[in-house]
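Student: Here you go, target-v9.txt (compact mmCIF, C-alpha atoms and all ligand atoms):
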```
# COMPACT_ATOMS: atom_id res chain seq x y z
CA MET A 713 210.78 -45.13 88.94
CA ASN A 714 213.17 -43.30 86.67
CA GLY A 715 212.40 -45.52 83.71
CA ALA A 716 213.62 -48.58 85.55
CA ARG A 717 212.38 -51.82 84.06
CA PRO A 718 212.60 -55.26 85.61
CA GLY A 719 215.09 -56.38 83.02
CA ASP A 720 217.57 -53.60 83.60
CA GLY A 721 218.09 -53.88 87.32
CA GLY A 722 216.93 -50.36 87.99
CA ASP A 723 219.92 -48.52 86.56
CA GLY A 724 218.80 -48.37 82.96
CA GLY A 725 221.92 -50.17 81.78
CA GLY A 726 223.60 -53.11 83.49
CA SER A 727 221.88 -55.21 86.07
CA ARG A 728 222.03 -54.38 89.77
CA TRP A 729 219.41 -56.84 90.96
CA ARG A 730 217.90 -60.09 89.85
CA ILE A 731 214.64 -61.64 90.94
CA ARG A 732 214.12 -65.28 91.83
CA ALA A 733 211.59 -67.48 93.57
CA ALA A 734 212.24 -67.84 97.30
CA THR A 735 212.84 -71.28 98.79
CA ALA A 736 212.80 -72.72 102.31
CA ALA A 737 216.50 -71.79 102.54
CA ASP A 738 215.46 -68.11 102.43
CA LEU A 739 213.07 -68.19 105.38
CA GLU A 740 215.39 -66.53 107.92
CA THR A 741 216.38 -63.87 105.40
CA LEU A 742 212.78 -63.22 104.42
CA ALA A 743 211.84 -62.71 108.07
CA ARG A 744 214.78 -60.33 108.52
CA VAL A 745 213.88 -58.26 105.48
CA ALA A 746 210.22 -58.18 106.52
CA ALA A 747 211.33 -56.81 109.88
CA SER A 748 212.28 -53.63 107.94
CA ASP A 749 208.59 -52.82 108.22
CA PRO A 750 208.03 -51.38 111.70
CA HIS A 751 204.34 -52.28 111.45
CA GLY A 752 204.88 -55.63 109.79
CA SER A 753 203.64 -58.84 111.28
CA TRP A 754 205.21 -61.35 108.91
CA THR A 755 207.34 -63.99 110.61
CA ARG A 756 209.42 -66.91 109.41
CA GLN A 757 206.28 -69.02 109.84
CA SER A 758 204.23 -66.62 107.69
CA PHE A 759 206.67 -67.07 104.84
CA ALA A 760 206.81 -70.83 105.36
CA SER A 761 203.01 -70.94 105.01
CA GLU A 762 203.15 -68.83 101.85
CA LEU A 763 205.68 -71.18 100.27
CA GLY A 764 203.12 -73.96 100.73
CA LEU A 765 200.33 -72.14 98.87
CA ALA A 766 199.95 -73.03 95.20
CA TRP A 767 198.56 -69.59 94.36
CA SER A 768 201.25 -67.62 96.18
CA ASN A 769 204.44 -66.25 94.64
CA VAL A 770 207.23 -65.48 97.06
CA GLN A 771 210.13 -63.76 95.35
CA VAL A 772 213.34 -62.10 96.38
CA ALA A 773 215.48 -59.44 94.76
CA GLU A 774 219.18 -60.19 95.04
CA ASP A 775 222.05 -57.81 94.59
CA VAL A 776 223.90 -59.14 91.56
CA GLY A 777 227.20 -57.95 93.01
CA ASP A 778 227.24 -59.65 96.39
CA GLY A 779 224.16 -61.90 96.33
CA THR A 780 222.54 -60.08 99.25
CA VAL A 781 218.78 -60.37 99.38
CA VAL A 782 217.71 -56.73 99.26
CA GLY A 783 213.96 -57.04 98.91
CA LEU A 784 210.96 -59.31 98.86
CA LEU A 785 207.67 -59.52 97.02
CA VAL A 786 204.73 -61.77 97.82
CA TRP A 787 201.66 -61.89 95.63
CA TRP A 788 198.71 -64.11 94.92
CA LEU A 789 197.08 -64.87 91.61
CA VAL A 790 193.44 -65.62 92.34
CA ALA A 791 190.61 -65.68 89.79
CA GLY A 792 192.66 -63.72 87.29
CA GLU A 793 193.53 -60.95 89.78
CA ILE A 794 196.81 -60.28 91.51
CA GLN A 795 196.72 -59.45 95.21
CA LEU A 796 199.86 -57.95 96.64
CA GLN A 797 200.50 -59.56 100.01
CA ASN A 798 203.86 -58.12 100.97
CA LEU A 799 206.59 -55.87 99.66
CA ALA A 800 209.67 -54.85 101.59
CA THR A 801 213.15 -53.56 100.98
CA ARG A 802 215.93 -54.39 103.43
CA SER A 803 216.19 -51.36 105.70
CA ASP A 804 219.78 -50.47 104.77
CA ARG A 805 219.00 -50.67 101.03
CA GLN A 806 215.91 -48.51 100.96
CA ARG A 807 215.50 -45.48 98.72
CA ARG A 808 217.73 -46.96 96.01
CA GLY A 809 215.03 -48.16 93.66
CA VAL A 810 214.56 -51.75 94.84
CA GLY A 811 210.88 -51.35 95.77
CA ALA A 812 210.06 -49.66 92.46
CA TRP A 813 211.99 -52.32 90.58
CA LEU A 814 210.15 -55.16 92.31
CA MET A 815 206.80 -53.51 91.67
CA ALA A 816 207.71 -52.92 88.01
CA HIS A 817 208.35 -56.64 87.82
CA LEU A 818 204.89 -57.30 89.23
CA LEU A 819 203.26 -54.95 86.73
CA GLU A 820 204.98 -56.79 83.89
CA GLU A 821 203.88 -60.14 85.33
CA ALA A 822 200.30 -58.84 85.46
CA GLU A 823 200.45 -57.99 81.79
CA LYS A 824 202.07 -61.29 80.85
CA LEU A 825 199.52 -63.28 82.84
CA GLY A 826 196.61 -61.25 81.51
CA ALA A 827 195.57 -60.34 85.06
CA THR A 828 192.61 -57.99 85.16
CA ARG A 829 194.04 -55.91 88.02
CA ILE A 830 196.47 -55.73 90.90
CA GLN A 831 194.89 -55.06 94.27
CA LEU A 832 196.61 -54.03 97.48
CA GLU A 833 195.92 -52.51 100.84
CA VAL A 834 198.26 -50.23 102.71
CA ARG A 835 198.24 -48.38 106.02
CA SER A 836 197.07 -44.81 105.64
CA SER A 837 200.24 -43.65 107.47
CA ASN A 838 202.62 -45.52 105.14
CA VAL A 839 203.85 -42.47 103.25
CA ALA A 840 206.65 -44.34 101.46
CA ALA A 841 204.47 -47.15 100.11
CA LEU A 842 201.61 -44.81 99.17
CA ALA A 843 204.02 -42.61 97.21
CA LEU A 844 205.54 -45.62 95.48
CA TYR A 845 202.18 -47.08 94.44
CA ARG A 846 200.85 -43.73 93.24
CA LYS A 847 203.98 -43.21 91.17
CA LEU A 848 203.38 -46.55 89.46
CA GLY A 849 199.81 -45.64 88.57
CA PHE A 850 197.85 -47.32 91.37
CA GLU A 851 194.64 -45.52 92.24
CA VAL A 852 192.80 -45.35 95.53
CA VAL A 853 189.57 -47.31 95.21
CA GLY A 854 188.40 -47.39 98.81
CA GLU A 855 189.32 -47.68 102.44
CA ARG A 856 188.72 -49.95 105.39
CA PRO A 857 188.31 -47.73 108.43
CA GLY A 858 190.05 -49.02 111.54
CA TYR A 859 191.40 -52.08 109.75
CA TYR A 860 194.76 -52.17 111.55
CA ASP A 861 195.76 -52.27 115.21
CA ALA A 862 192.34 -52.99 116.67
CA GLY A 863 190.68 -50.03 114.98
CA GLU A 864 193.57 -47.58 115.33
CA GLU A 865 194.47 -47.18 111.66
CA ASP A 866 192.67 -47.25 108.31
CA ALA A 867 193.64 -49.35 105.31
CA VAL A 868 193.77 -47.65 101.92
CA LEU A 869 192.71 -49.92 99.05
CA MET A 870 194.48 -49.39 95.75
CA ASP A 871 194.16 -50.91 92.29
CA TRP A 872 196.24 -50.96 89.16
CA VAL A 873 194.62 -51.98 85.90
CA PRO A 874 196.90 -53.17 83.10
CA THR A 875 194.84 -51.78 80.27
CA LYS A 876 194.90 -48.28 81.74
CA GLN A 877 198.62 -48.05 82.43
CA GLY A 878 201.67 -50.12 81.74
CA PRO A 879 204.95 -50.42 83.60
CA GLY A 880 207.17 -47.43 83.05
CA ARG A 881 204.83 -45.77 80.59
C1 LIG A 901 207.78 -49.11 100.79
C2 LIG A 901 209.18 -49.67 100.49
C3 LIG A 901 209.04 -51.11 100.00
C4 LIG A 901 209.82 -48.81 99.39
O1 LIG A 901 211.02 -49.47 98.98
P1 LIG A 901 212.32 -48.69 98.49
O2 LIG A 901 213.20 -49.71 97.87
O3 LIG A 901 212.89 -47.86 99.57
O4 LIG A 901 211.65 -47.75 97.39
P2 LIG A 901 212.35 -47.07 96.13
O5 LIG A 901 213.75 -46.64 96.45
O6 LIG A 901 212.16 -47.93 94.95
O7 LIG A 901 211.45 -45.76 95.99
C5 LIG A 901 210.52 -45.61 94.93
C6 LIG A 901 209.60 -44.43 95.24
O8 LIG A 901 208.81 -44.70 96.39
C7 LIG A 901 208.63 -43.49 97.14
N1 LIG A 901 209.29 -43.60 98.44
C8 LIG A 901 210.10 -44.60 98.85
N2 LIG A 901 210.51 -44.38 100.12
C9 LIG A 901 209.93 -43.22 100.50
C10 LIG A 901 209.94 -42.46 101.70
N3 LIG A 901 210.64 -42.86 102.77
N4 LIG A 901 209.21 -41.33 101.75
C11 LIG A 901 208.49 -40.90 100.68
N5 LIG A 901 208.44 -41.58 99.50
C12 LIG A 901 209.15 -42.71 99.42
C13 LIG A 901 209.26 -42.39 96.31
O9 LIG A 901 208.29 -41.92 95.41
C14 LIG A 901 210.35 -43.17 95.59
O10 LIG A 901 210.79 -42.54 94.43
P3 LIG A 901 212.02 -41.49 94.53
O11 LIG A 901 213.11 -42.16 95.30
O12 LIG A 901 212.35 -41.25 93.10
O13 LIG A 901 211.46 -40.30 95.23
C15 LIG A 901 210.11 -49.59 101.74
O14 LIG A 901 210.01 -48.30 102.32
C16 LIG A 901 209.81 -50.64 102.81
O15 LIG A 901 210.30 -51.75 102.75
N6 LIG A 901 208.97 -50.27 103.80
C17 LIG A 901 208.58 -51.20 104.85
C18 LIG A 901 207.63 -52.25 104.30
C19 LIG A 901 206.36 -51.63 103.72
O16 LIG A 901 205.85 -50.63 104.20
N7 LIG A 901 205.84 -52.29 102.65
C20 LIG A 901 204.64 -51.88 101.98
C21 LIG A 901 203.49 -52.61 102.59
S1 LIG A 901 201.96 -52.21 101.74
```
What do you get writing this file as structure tokens?
Tutor:
Amino acid sequence: MNGARPGDGGDGGGSRWRIRAATAADLETLARVAASDPHGSWTRQSFASELGLAWSNVQVAEDVGDGTVVGLLVWWLVAGEIQLQNLATRSDRQRRGVGAWLMAHLLEEAEKLGATRIQLEVRSSNVAALALYRKLGFEVVGERPGYYDAGEEDAVLMDWVPTKQGPGR
């Protein structure tokens, strides 16, 4: 992640993005950004449901320059563990550091909250996400064979443990 930290907007100096909690006014935008994932199933209604869950955090990354929502992050804090529910970068803003910046934010949150680990599951074919998570120090801890698409694709289970690695270290 090129040393990018949540506070520096991914460019190591000024601030390119800022993160904020999503609101009902963001539902259309969230659904549009989620549609960047060709395998994604999250709809406007999915995000509306998340906004109603006390344990769910729905956040957006905004471009500081023009206010465009460039990415989204959804995570749960349950029993002291963080479960990543969704991460996506708007399709025309991918490969510019947004995903890494959002995940760095999550790693810092985990440390601040004293979470024991961050758990996620990802399609075995999702090369981009797997590379991103590995780069941040997530480790493969298991798999769920045939988890997606009625048995067609496996889920890879990954964990990140705050005491082992820290954001950007
Ligand atoms: C996965 C995703 C969020 C990455 O977001 P992004 O903003 O493009 O990622 P970044 O620019 O921060 O990339 C960070 C690192 O991730 C990896 N990566 C990102 N896109 C990649 C790609 N297409 N191929 C291979 N590696 C990739 C690289 O290691 C990259 O570092 P580098 O650019 O220095 O090589 C984005 O591809 C996306 O929205 N995909 C659809 C939704 C999705 O699959 N979400 C994950 C569900 S588990």
Student: So which residues touch Leu742 of chain A within 10 Å, counting all atoms listed in the file, skipping near sequence neighbours fewer than 6 positions away, as JSON, numbers by chain?
Tutor: {"A": [734, 735, 736, 754, 755, 756, 758, 759, 760, 770, 771, 772, 781, 782, 783, 784, 785, 800, 802]}
Student: Check the smallest atom-to-atom distance from each of A:Tyr860, A:Phe850, A:Trp813, A:Trp872 to ligand LIG 901 (chain A) using all atoms listed in the file, then report the winner.
Tutor: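 Nearest to ligand LIG 901 (chain A): A:Trp813.
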Student: Work out how far atom CA of Val745 of chain A is from atom O8 of ligand LIG 901 (chain A), in Å to one decimal.
Tutor: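 Computing it gives 17.1 Å between the two atoms.
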Student: Could you tell me how far atom N6 of ligand LIG 901 (chain A) lies from atom CA of Thr801 of chain A, in Å and to one decimal?
Tutor: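 Between atom N6 of ligand LIG 901 (chain A) and atom CA of Thr801 of chain A the gap is 6.0 Å.
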Student: Could you give me, as an NGL selection string, the residues that sit within 8 Å of (194.7, -47.5, 96.3) in the file's coordinates, counting all atoms listed in the file?
Tutor: :A and (831-834 or 842 or 845-846 or 850-854 or 868-871)
Student: Please measure the separation of atom C20 of ligand LIG 901 (chain A) and atom CA of Gly858 of chain A, giving the value in Å to one decimal.
Tutor: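 Atom C20 of ligand LIG 901 (chain A) sits 17.7 Å away from atom CA of Gly858 of chain A.
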Student: Would you mind telling me which residue in A:Ala867, A:Leu799, A:Arg808, A:Met815 lies nearest to Gly752 of chain A when using all atoms listed in the file?
Tutor: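 Among A:Ala867, A:Leu799, A:Arg808, A:Met815, it is A:Leu799 that comes nearest to Gly752 of chain A.
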Student: Write out as a PDB file with C-alpha atoms, in the frame of the given file each polymer residue (protein, DNA or RNA) that has an atom no more than 6 Å from ligand LIG 901 (chain A), with all atoms listed in the file counted.
Tutor:
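Result went into result-v4.pdb, see below:
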```
ATOM      1  CA  MET A 713     210.780 -45.130  88.940  1.00  0.00           C
ATOM      2  CA  SER A 748     212.280 -53.630 107.940  1.00  0.00           C
ATOM      3  CA  ASP A 749     208.590 -52.820 108.220  1.00  0.00           C
ATOM      4  CA  ASN A 798     203.860 -58.120 100.970  1.00  0.00           C
ATOM      5  CA  LEU A 799     206.590 -55.870  99.660  1.00  0.00           C
ATOM      6  CA  ALA A 800     209.670 -54.850 101.590  1.00  0.00           C
ATOM      7  CA  THR A 801     213.150 -53.560 100.980  1.00  0.00           C
ATOM      8  CA  GLN A 806     215.910 -48.510 100.960  1.00  0.00           C
ATOM      9  CA  ARG A 807     215.500 -45.480  98.720  1.00  0.00           C
ATOM     10  CA  ARG A 808     217.730 -46.960  96.010  1.00  0.00           C
ATOM     11  CA  GLY A 809     215.030 -48.160  93.660  1.00  0.00           C
ATOM     12  CA  VAL A 810     214.560 -51.750  94.840  1.00  0.00           C
ATOM     13  CA  GLY A 811     210.880 -51.350  95.770  1.00  0.00           C
ATOM     14  CA  ALA A 812     210.060 -49.660  92.460  1.00  0.00           C
ATOM     15  CA  VAL A 834     198.260 -50.230 102.710  1.00  0.00           C
ATOM     16  CA  VAL A 839     203.850 -42.470 103.250  1.00  0.00           C
ATOM     17  CA  ALA A 840     206.650 -44.340 101.460  1.00  0.00           C
ATOM     18  CA  ALA A 841     204.470 -47.150 100.110  1.00  0.00           C
ATOM     19  CA  ALA A 843     204.020 -42.610  97.210  1.00  0.00           C
ATOM     20  CA  LEU A 844     205.540 -45.620  95.480  1.00  0.00           C
TER      21      LEU A 844
END
```
Student: From the options A:Ala743, A:Leu814, A:Val776, A:Ala733, which residue's atoms come nearest to Leu796 of chain A, counting only C-alpha atoms?
Tutor: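 Closest candidate: A:Leu814.
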Student: Please tell me which residues are no farther than 7 Å from (192.2, -60.2, 91.0) in the file, counting all atoms listed in the file, and write them as a ChimeraX atom specification.
Tutor: /A:789-795,827-831
Student: Which residue out of A:Arg744, A:Leu739, A:Ser753, A:Trp788 has the minimum interatomic distance to Leu765 of chain A when only C-alpha atoms are used?
Tutor: A:Trp788
Student: Under the rule that all atoms listed in the file are counted, which of A:Ala746, A:Asp778, A:Leu848, A:Glu864 is the nearest residue to Glu820 of chain A?
Tutor: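 With all atoms listed in the file as the atom set, the closest residue is A:Leu848.
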Student: Quick one: of A:Thr780, A:Trp787, A:Arg728, A:Glu865, who's nearest to Ala766 of chain A, counting all atoms listed in the file?
Tutor: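 Using all atoms listed in the file, the shortest distance to Ala766 of chain A belongs to A:Trp787.
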